[in-house]
Structure formats: C-alpha cells, structure tokens
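S.K.: Please read through the structure below; I'll follow up with questions.
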Amino acid sequence: MITRKPLLSLTVVLLVLSSTFSLAEQHTIEMKNRGEDGNMVFEPGYLKVQPGDTIQFLATDPTHNSVSDTVPEDAESWSGAIDEEITVTLSKEGVYVYKCAPHLKMNMTGIIQVGEPTNYGEAQASVEKLTDVSATNEDRLRGYFRQVPIP
Ligand SMILES: [Cu+2]
C-alpha cells in the first residue's frame, strides 16, 4: 500500500492536467464537386471546434478555394488560391463564414463555429448576403447556420 500511494497521486495529477490543458485539434474540410449536401460543396459545411484548433481545407476536387467572408472581431481572415490546401488556426471565439469564390452563385459556402457564437448578428448578415447572391442551393448556408445556437 505504501508503494502504491505515490502512483495513485501521480495518476490524479495527470488526470487534472489533461482536463485543464486540452490539446489543440486539427480538422479537415473537403472541397468537393459533389457531396452529401449537393454539388460544389464544402464537407462538412458546418463544423464546431474549440479556440486554437486548426482547419485544413483539402482540394479533394479541383477548381475550388476557401476565402473567409465574415470572421469574429480581431480574428484573422484568409484567402486561399484556387486548389490551394490552406491551413488556418482559429484562435478567436465566434462564427466564421467562408466561401469558394468560383462557386459563389452555387452557394459553395460554409460555417465554422469556434466556441461561443460571439458575433451571431454579423454572421447572420453574412449568411443572408451570400444567400442573396446564390442562384442554386439557396437553403444550404441557412441550414448550416441553423446549427449555431442563438445566444
Ligand atoms: Cu468551389
């Protein structure tokens, strides 16, 4: 029993440490010609992550890119070239709305929610603006945004 006690307390210390400092995760979003949500689509189109997580956009199919449309205050925007597999680190909480420039009219757009939706109103305005310019898949981005909880 005497030799086991230090081991037990070490286990407790490690458990506390691992729950306090969670490691940043890496996620991927595919840029596709055809997916579960239709043609010209990001997959997944809605993603919830934690502050500090990174997202890599994969050029699963050619002729797509990822460009941020609305990001939370003080957060960095991004603009990938066509076929570029950019990686972004999202450190600020809020809703990030992004798009594929060549397929804007097909509503090739997506939403990443980082922690709490601090900029809900701004993100909603962005969703409506992008929906207005899309000629097909008009309900796609609104559908993603419905998964963001109203603050
Ligand atoms: Cu595209």
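Residues are named by chain letter and number: chains run A, B, ... in the order of the structure tokens, numbers start at 1 in each chain, and ligands are numbered from 1 in the order shown.
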When DSSP is applied to the backbone of this structure, which of region 38-143 of chain A are assigned helix (DSSP H, G or I)? Write them out as a list in words.

M.R.: Ala101, Pro102, His103, Leu104, Lys105, Met106, Tyr120, Gly121, Glu122, Ala123, Gln124, Ala125, Ser126, Val127, Glu128, Lys129, Leu130, Thr131, Asp132, Val133, Arg140, Leu141, Arg142 and Gly143 of chain A

S.K.: Please produce an output containing N, CA, C and O atoms for each residue in the selection, written as an mmCIF file, in the first residue's frame.

M.R.:
```
data_model
loop_
_atom_site.group_PDB
_atom_site.id
_atom_site.type_symbol
_atom_site.label_atom_id
_atom_site.label_comp_id
_atom_site.auth_asym_id
_atom_site.auth_seq_id
_atom_site.Cartn_x
_atom_site.Cartn_y
_atom_site.Cartn_z
ATOM 1 N N ALA A 101 -14.772 31.199 -53.996
ATOM 2 C CA ALA A 101 -15.009 32.323 -54.919
ATOM 3 C C ALA A 101 -15.589 31.890 -56.274
ATOM 4 O O ALA A 101 -16.562 32.491 -56.733
ATOM 5 N N PRO A 102 -15.050 30.864 -56.942
ATOM 6 C CA PRO A 102 -15.608 30.492 -58.245
ATOM 7 C C PRO A 102 -17.042 29.951 -58.176
ATOM 8 O O PRO A 102 -17.748 29.968 -59.183
ATOM 9 N N HIS A 103 -17.466 29.466 -57.033
ATOM 10 C CA HIS A 103 -18.795 28.838 -56.935
ATOM 11 C C HIS A 103 -19.711 29.543 -55.941
ATOM 12 O O HIS A 103 -20.547 28.909 -55.290
ATOM 13 N N LEU A 104 -19.551 30.864 -55.893
ATOM 14 C CA LEU A 104 -20.375 31.679 -55.011
ATOM 15 C C LEU A 104 -21.855 31.570 -55.384
ATOM 16 O O LEU A 104 -22.730 31.473 -54.528
ATOM 17 N N LYS A 105 -22.115 31.555 -56.682
ATOM 18 C CA LYS A 105 -23.510 31.514 -57.161
ATOM 19 C C LYS A 105 -24.163 30.160 -56.890
ATOM 20 O O LYS A 105 -25.382 30.022 -56.978
ATOM 21 N N MET A 106 -23.346 29.147 -56.587
ATOM 22 C CA MET A 106 -23.904 27.831 -56.257
ATOM 23 C C MET A 106 -23.939 27.628 -54.743
ATOM 24 O O MET A 106 -24.136 26.525 -54.266
ATOM 25 N N TYR A 120 -22.855 36.558 -33.493
ATOM 26 C CA TYR A 120 -24.006 35.922 -34.130
ATOM 27 C C TYR A 120 -24.682 36.822 -35.162
ATOM 28 O O TYR A 120 -24.969 36.401 -36.288
ATOM 29 N N GLY A 121 -24.952 38.079 -34.798
ATOM 30 C CA GLY A 121 -25.651 39.007 -35.680
ATOM 31 C C GLY A 121 -24.900 39.270 -36.975
ATOM 32 O O GLY A 121 -25.482 39.247 -38.063
ATOM 33 N N GLU A 122 -23.602 39.510 -36.847
ATOM 34 C CA GLU A 122 -22.763 39.752 -38.034
ATOM 35 C C GLU A 122 -22.726 38.524 -38.942
ATOM 36 O O GLU A 122 -22.784 38.646 -40.167
ATOM 37 N N ALA A 123 -22.607 37.368 -38.321
ATOM 38 C CA ALA A 123 -22.561 36.121 -39.091
ATOM 39 C C ALA A 123 -23.880 35.918 -39.834
ATOM 40 O O ALA A 123 -23.898 35.524 -40.996
ATOM 41 N N GLN A 124 -24.978 36.231 -39.178
ATOM 42 C CA GLN A 124 -26.300 36.083 -39.800
ATOM 43 C C GLN A 124 -26.433 37.010 -41.010
ATOM 44 O O GLN A 124 -26.956 36.604 -42.052
ATOM 45 N N ALA A 125 -25.938 38.235 -40.893
ATOM 46 C CA ALA A 125 -25.966 39.184 -42.011
ATOM 47 C C ALA A 125 -25.150 38.640 -43.184
ATOM 48 O O ALA A 125 -25.554 38.759 -44.350
ATOM 49 N N SER A 126 -24.020 38.034 -42.871
ATOM 50 C CA SER A 126 -23.172 37.443 -43.900
ATOM 51 C C SER A 126 -23.888 36.281 -44.593
ATOM 52 O O SER A 126 -23.837 36.137 -45.817
ATOM 53 N N VAL A 127 -24.572 35.469 -43.812
ATOM 54 C CA VAL A 127 -25.330 34.326 -44.355
ATOM 55 C C VAL A 127 -26.407 34.825 -45.317
ATOM 56 O O VAL A 127 -26.572 34.289 -46.415
ATOM 57 N N GLU A 128 -27.115 35.872 -44.935
ATOM 58 C CA GLU A 128 -28.193 36.407 -45.791
ATOM 59 C C GLU A 128 -27.626 37.022 -47.066
ATOM 60 O O GLU A 128 -28.179 36.852 -48.153
ATOM 61 N N LYS A 129 -26.490 37.732 -46.937
ATOM 62 C CA LYS A 129 -25.853 38.360 -48.101
ATOM 63 C C LYS A 129 -25.420 37.287 -49.111
ATOM 64 O O LYS A 129 -25.666 37.405 -50.311
ATOM 65 N N LEU A 130 -24.794 36.218 -48.615
ATOM 66 C CA LEU A 130 -24.318 35.151 -49.501
ATOM 67 C C LEU A 130 -25.488 34.364 -50.102
ATOM 68 O O LEU A 130 -25.425 33.909 -51.236
ATOM 69 N N THR A 131 -26.551 34.219 -49.318
ATOM 70 C CA THR A 131 -27.735 33.521 -49.820
ATOM 71 C C THR A 131 -28.372 34.321 -50.958
ATOM 72 O O THR A 131 -28.809 33.752 -51.962
ATOM 73 N N ASP A 132 -28.389 35.636 -50.810
ATOM 74 C CA ASP A 132 -28.972 36.513 -51.839
ATOM 75 C C ASP A 132 -28.275 36.383 -53.190
ATOM 76 O O ASP A 132 -28.930 36.486 -54.225
ATOM 77 N N VAL A 133 -26.967 36.196 -53.193
ATOM 78 C CA VAL A 133 -26.238 36.136 -54.472
ATOM 79 C C VAL A 133 -26.188 34.726 -55.063
ATOM 80 O O VAL A 133 -25.679 34.526 -56.155
ATOM 81 N N ARG A 140 -28.784 26.132 -48.444
ATOM 82 C CA ARG A 140 -27.649 25.403 -47.866
ATOM 83 C C ARG A 140 -27.020 26.139 -46.679
ATOM 84 O O ARG A 140 -26.916 25.593 -45.583
ATOM 85 N N LEU A 141 -26.611 27.386 -46.897
ATOM 86 C CA LEU A 141 -25.890 28.105 -45.846
ATOM 87 C C LEU A 141 -26.791 28.407 -44.653
ATOM 88 O O LEU A 141 -26.358 28.333 -43.502
ATOM 89 N N ARG A 142 -28.062 28.729 -44.946
ATOM 90 C CA ARG A 142 -29.009 28.953 -43.841
ATOM 91 C C ARG A 142 -29.152 27.687 -43.000
ATOM 92 O O ARG A 142 -29.280 27.747 -41.783
ATOM 93 N N GLY A 143 -29.123 26.548 -43.666
ATOM 94 C CA GLY A 143 -29.217 25.266 -42.956
ATOM 95 C C GLY A 143 -28.027 25.059 -42.021
ATOM 96 O O GLY A 143 -28.188 24.605 -40.890
#
```

S.K.: Please extract the residues at most 9 Å from ligand 1, counting only C-alpha atoms and all ligand atoms, and provide them as a PyMOL selection string, using the chain letters and residue numbers of this document.

M.R.: chain A and resi 31-33+40-42+61-66+82+99-104+106-109

S.K.: Since we have the selection now, will you write its residues out, keeping N, CA and C atoms, as a tab-separated table (two decimals), in the first residue's frame?

M.R.:
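This is the output file selection_32.tsv:
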```tsv
chain	number	residue	atom	x	y	z
A	31	MET	N	-13.05	20.15	-50.13
A	31	MET	CA	-13.66	20.99	-51.17
A	31	MET	C	-14.00	20.02	-52.32
A	32	LYS	N	-15.33	19.85	-52.56
A	32	LYS	CA	-15.76	18.77	-53.46
A	32	LYS	C	-16.72	19.24	-54.55
A	33	ASN	N	-16.72	18.53	-55.65
A	33	ASN	CA	-17.67	18.79	-56.74
A	33	ASN	C	-19.06	18.24	-56.41
A	40	MET	N	-20.85	21.15	-55.74
A	40	MET	CA	-19.97	22.26	-55.37
A	40	MET	C	-20.16	22.60	-53.89
A	41	VAL	N	-19.41	21.88	-53.05
A	41	VAL	CA	-19.77	21.87	-51.63
A	41	VAL	C	-18.54	21.67	-50.73
A	42	PHE	N	-18.58	22.32	-49.57
A	42	PHE	CA	-17.59	22.05	-48.53
A	42	PHE	C	-18.15	20.93	-47.64
A	61	ASP	N	-11.42	17.82	-54.90
A	61	ASP	CA	-11.67	18.04	-56.33
A	61	ASP	C	-11.05	19.38	-56.73
A	62	PRO	N	-10.70	19.54	-58.03
A	62	PRO	CA	-10.06	20.79	-58.46
A	62	PRO	C	-11.02	21.96	-58.65
A	63	THR	N	-10.46	23.13	-58.81
A	63	THR	CA	-11.10	24.43	-59.11
A	63	THR	C	-11.85	25.06	-57.94
A	64	HIS	N	-11.51	24.70	-56.72
A	64	HIS	CA	-12.14	25.34	-55.55
A	64	HIS	C	-11.10	26.13	-54.76
A	65	ASN	N	-11.61	27.02	-53.91
A	65	ASN	CA	-10.74	27.68	-52.93
A	65	ASN	C	-11.56	27.99	-51.68
A	66	SER	N	-10.87	28.45	-50.64
A	66	SER	CA	-11.54	28.84	-49.40
A	66	SER	C	-11.16	30.27	-49.07
A	82	ILE	N	-6.91	29.16	-55.82
A	82	ILE	CA	-7.61	28.01	-56.38
A	82	ILE	C	-6.72	26.76	-56.21
A	99	LYS	N	-16.37	31.03	-48.03
A	99	LYS	CA	-16.95	30.72	-49.34
A	99	LYS	C	-15.88	30.26	-50.31
A	100	CYS	N	-16.33	29.68	-51.42
A	100	CYS	CA	-15.47	29.37	-52.55
A	100	CYS	C	-15.77	30.41	-53.62
A	101	ALA	N	-14.77	31.20	-54.00
A	101	ALA	CA	-15.01	32.32	-54.92
A	101	ALA	C	-15.59	31.89	-56.27
A	102	PRO	N	-15.05	30.86	-56.94
A	102	PRO	CA	-15.61	30.49	-58.24
A	102	PRO	C	-17.04	29.95	-58.18
A	103	HIS	N	-17.47	29.47	-57.03
A	103	HIS	CA	-18.80	28.84	-56.94
A	103	HIS	C	-19.71	29.54	-55.94
A	104	LEU	N	-19.55	30.86	-55.89
A	104	LEU	CA	-20.38	31.68	-55.01
A	104	LEU	C	-21.85	31.57	-55.38
A	106	MET	N	-23.35	29.15	-56.59
A	106	MET	CA	-23.90	27.83	-56.26
A	106	MET	C	-23.94	27.63	-54.74
A	107	ASN	N	-23.75	28.73	-54.04
A	107	ASN	CA	-23.78	28.72	-52.57
A	107	ASN	C	-22.75	27.73	-51.99
A	108	MET	N	-21.57	27.70	-52.60
A	108	MET	CA	-20.49	26.89	-52.03
A	108	MET	C	-19.89	27.70	-50.89
A	109	THR	N	-20.46	27.46	-49.71
A	109	THR	CA	-20.15	28.25	-48.52
A	109	THR	C	-20.12	27.32	-47.32
```

S.K.: Which neighbours of Thr87 (chain A) fall inside 7 Å, counting only C-alpha atoms, when residues of the same chain fewer than 4 positions from it are skipped, and could you give them as a PyMOL selection string?

M.R.: chain A and resi 54-57

S.K.: I'd like to know which of A:Gly52, A:Gly38, A:Gly115, A:Gly45 is closest to Arg146 (chain A), using only C-alpha atoms.

M.R.: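 Of A:Gly52, A:Gly38, A:Gly115, A:Gly45, the one nearest Arg146 (chain A) is A:Gly45, counting only C-alpha atoms.
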
S.K.: Work out how far CA of Val88 (chain A) is from CA of Pro72 (chain A), in Å to one decimal.

M.R.: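 Between these atoms lies a distance of 14.1 Å.
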
S.K.: Give the strand (DSSP E) residues of region 53-140 of chain A, as DSSP finds them on the backbone, and put them as a PyMOL selection string.

M.R.: chain A and resi 53-58+67-70+87-90+94-99+109-114

S.K.: Using N, CA and C atoms, can you write the selected residues to a file as a PDB file, in the first residue's frame?

M.R.:
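Once written, again21.pdb looks like this:
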```pdb
ATOM      1  N   ASP A  53      -7.892  25.522 -32.353  1.00  0.00           N
ATOM      2  CA  ASP A  53      -7.881  24.389 -33.283  1.00  0.00           C
ATOM      3  C   ASP A  53      -7.491  24.863 -34.690  1.00  0.00           C
ATOM      4  N   THR A  54      -6.968  23.932 -35.477  1.00  0.00           N
ATOM      5  CA  THR A  54      -6.616  24.268 -36.858  1.00  0.00           C
ATOM      6  C   THR A  54      -7.523  23.512 -37.824  1.00  0.00           C
ATOM      7  N   ILE A  55      -7.746  24.147 -38.968  1.00  0.00           N
ATOM      8  CA  ILE A  55      -8.584  23.577 -40.024  1.00  0.00           C
ATOM      9  C   ILE A  55      -7.760  23.518 -41.299  1.00  0.00           C
ATOM     10  N   GLN A  56      -7.717  22.373 -41.925  1.00  0.00           N
ATOM     11  CA  GLN A  56      -7.075  22.280 -43.232  1.00  0.00           C
ATOM     12  C   GLN A  56      -8.145  22.048 -44.288  1.00  0.00           C
ATOM     13  N   PHE A  57      -8.099  22.863 -45.341  1.00  0.00           N
ATOM     14  CA  PHE A  57      -9.025  22.705 -46.464  1.00  0.00           C
ATOM     15  C   PHE A  57      -8.364  21.806 -47.505  1.00  0.00           C
ATOM     16  N   LEU A  58      -8.988  20.691 -47.797  1.00  0.00           N
ATOM     17  CA  LEU A  58      -8.423  19.713 -48.721  1.00  0.00           C
ATOM     18  C   LEU A  58      -9.006  19.888 -50.118  1.00  0.00           C
ATOM     19  N   VAL A  67     -12.188  31.125 -48.937  1.00  0.00           N
ATOM     20  CA  VAL A  67     -11.991  32.541 -48.627  1.00  0.00           C
ATOM     21  C   VAL A  67     -12.949  32.905 -47.496  1.00  0.00           C
ATOM     22  N   SER A  68     -12.436  33.531 -46.436  1.00  0.00           N
ATOM     23  CA  SER A  68     -13.331  33.925 -45.352  1.00  0.00           C
ATOM     24  C   SER A  68     -14.198  35.092 -45.812  1.00  0.00           C
ATOM     25  N   ASP A  69     -15.456  35.114 -45.344  1.00  0.00           N
ATOM     26  CA  ASP A  69     -16.369  36.217 -45.660  1.00  0.00           C
ATOM     27  C   ASP A  69     -16.560  37.094 -44.425  1.00  0.00           C
ATOM     28  N   THR A  70     -16.872  36.450 -43.300  1.00  0.00           N
ATOM     29  CA  THR A  70     -17.016  37.162 -42.029  1.00  0.00           C
ATOM     30  C   THR A  70     -16.304  36.367 -40.943  1.00  0.00           C
ATOM     31  N   THR A  87      -4.148  25.934 -44.429  1.00  0.00           N
ATOM     32  CA  THR A  87      -4.438  25.555 -43.049  1.00  0.00           C
ATOM     33  C   THR A  87      -4.586  26.836 -42.237  1.00  0.00           C
ATOM     34  N   VAL A  88      -5.699  26.966 -41.524  1.00  0.00           N
ATOM     35  CA  VAL A  88      -5.926  28.156 -40.705  1.00  0.00           C
ATOM     36  C   VAL A  88      -6.066  27.741 -39.240  1.00  0.00           C
ATOM     37  N   THR A  89      -5.510  28.570 -38.350  1.00  0.00           N
ATOM     38  CA  THR A  89      -5.667  28.363 -36.909  1.00  0.00           C
ATOM     39  C   THR A  89      -6.671  29.388 -36.404  1.00  0.00           C
ATOM     40  N   LEU A  90      -7.739  28.910 -35.785  1.00  0.00           N
ATOM     41  CA  LEU A  90      -8.817  29.797 -35.352  1.00  0.00           C
ATOM     42  C   LEU A  90      -8.734  29.990 -33.840  1.00  0.00           C
ATOM     43  N   GLY A  94     -16.119  32.619 -31.925  1.00  0.00           N
ATOM     44  CA  GLY A  94     -17.146  33.224 -32.758  1.00  0.00           C
ATOM     45  C   GLY A  94     -17.473  32.373 -33.962  1.00  0.00           C
ATOM     46  N   VAL A  95     -18.250  32.970 -34.872  1.00  0.00           N
ATOM     47  CA  VAL A  95     -18.702  32.258 -36.072  1.00  0.00           C
ATOM     48  C   VAL A  95     -17.901  32.762 -37.265  1.00  0.00           C
ATOM     49  N   TYR A  96     -17.329  31.834 -38.016  1.00  0.00           N
ATOM     50  CA  TYR A  96     -16.581  32.145 -39.228  1.00  0.00           C
ATOM     51  C   TYR A  96     -17.400  31.667 -40.422  1.00  0.00           C
ATOM     52  N   VAL A  97     -17.715  32.608 -41.323  1.00  0.00           N
ATOM     53  CA  VAL A  97     -18.457  32.265 -42.544  1.00  0.00           C
ATOM     54  C   VAL A  97     -17.470  32.364 -43.699  1.00  0.00           C
ATOM     55  N   TYR A  98     -17.400  31.333 -44.526  1.00  0.00           N
ATOM     56  CA  TYR A  98     -16.434  31.334 -45.628  1.00  0.00           C
ATOM     57  C   TYR A  98     -17.085  30.841 -46.912  1.00  0.00           C
ATOM     58  N   LYS A  99     -16.371  31.028 -48.031  1.00  0.00           N
ATOM     59  CA  LYS A  99     -16.953  30.724 -49.341  1.00  0.00           C
ATOM     60  C   LYS A  99     -15.883  30.256 -50.310  1.00  0.00           C
ATOM     61  N   THR A 109     -20.464  27.464 -49.712  1.00  0.00           N
ATOM     62  CA  THR A 109     -20.146  28.252 -48.524  1.00  0.00           C
ATOM     63  C   THR A 109     -20.118  27.316 -47.315  1.00  0.00           C
ATOM     64  N   GLY A 110     -19.612  27.823 -46.205  1.00  0.00           N
ATOM     65  CA  GLY A 110     -19.578  27.006 -45.005  1.00  0.00           C
ATOM     66  C   GLY A 110     -19.457  27.842 -43.752  1.00  0.00           C
ATOM     67  N   ILE A 111     -19.668  27.171 -42.625  1.00  0.00           N
ATOM     68  CA  ILE A 111     -19.623  27.834 -41.328  1.00  0.00           C
ATOM     69  C   ILE A 111     -18.770  27.024 -40.359  1.00  0.00           C
ATOM     70  N   ILE A 112     -17.866  27.728 -39.684  1.00  0.00           N
ATOM     71  CA  ILE A 112     -17.121  27.107 -38.589  1.00  0.00           C
ATOM     72  C   ILE A 112     -17.454  27.884 -37.323  1.00  0.00           C
ATOM     73  N   GLN A 113     -17.969  27.177 -36.340  1.00  0.00           N
ATOM     74  CA  GLN A 113     -18.254  27.809 -35.052  1.00  0.00           C
ATOM     75  C   GLN A 113     -17.118  27.484 -34.094  1.00  0.00           C
ATOM     76  N   VAL A 114     -16.479  28.527 -33.582  1.00  0.00           N
ATOM     77  CA  VAL A 114     -15.376  28.351 -32.633  1.00  0.00           C
ATOM     78  C   VAL A 114     -15.868  28.779 -31.257  1.00  0.00           C
TER      79      VAL A 114
END
```

S.K.: Nearest to Tyr46 (chain A) among A:Val148, A:Ala81, A:Ser134, A:His27, with distances taken over only C-alpha atoms: which residue is it?

M.R.: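 Counting only C-alpha atoms, the residue closest to Tyr46 (chain A) is A:Val148.
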
S.K.: Nearest to Lys92 (chain A) among A:Glu30, A:Glu36, A:Glu25, A:Asp74, with distances taken over only C-alpha atoms: which residue is it?

M.R.: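 Ranked by minimum distance to Lys92 (chain A), first place goes to A:Asp74.
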
S.K.: Could you check the closest approach to Pro117 (chain A) for each of A:Ser77, A:Asn39, A:Gln147, A:Gln26 and tell me which residue wins, using only C-alpha atoms?

M.R.: A:Gln147

S.K.: Between CA of Ala135 (chain A) and CA of Glu73 (chain A), measure the distance and give it in Å to one decimal.

M.R.: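 If I compute the distance from CA of Ala135 (chain A) to CA of Glu73 (chain A), I get 29.6 Å.
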
S.K.: In Å to one decimal, how far is CA of Glu93 (chain A) from CA of Thr118 (chain A)?

M.R.: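 Atom-to-atom, CA of Thr118 (chain A) to CA of Glu93 (chain A), that is 6.6 Å.
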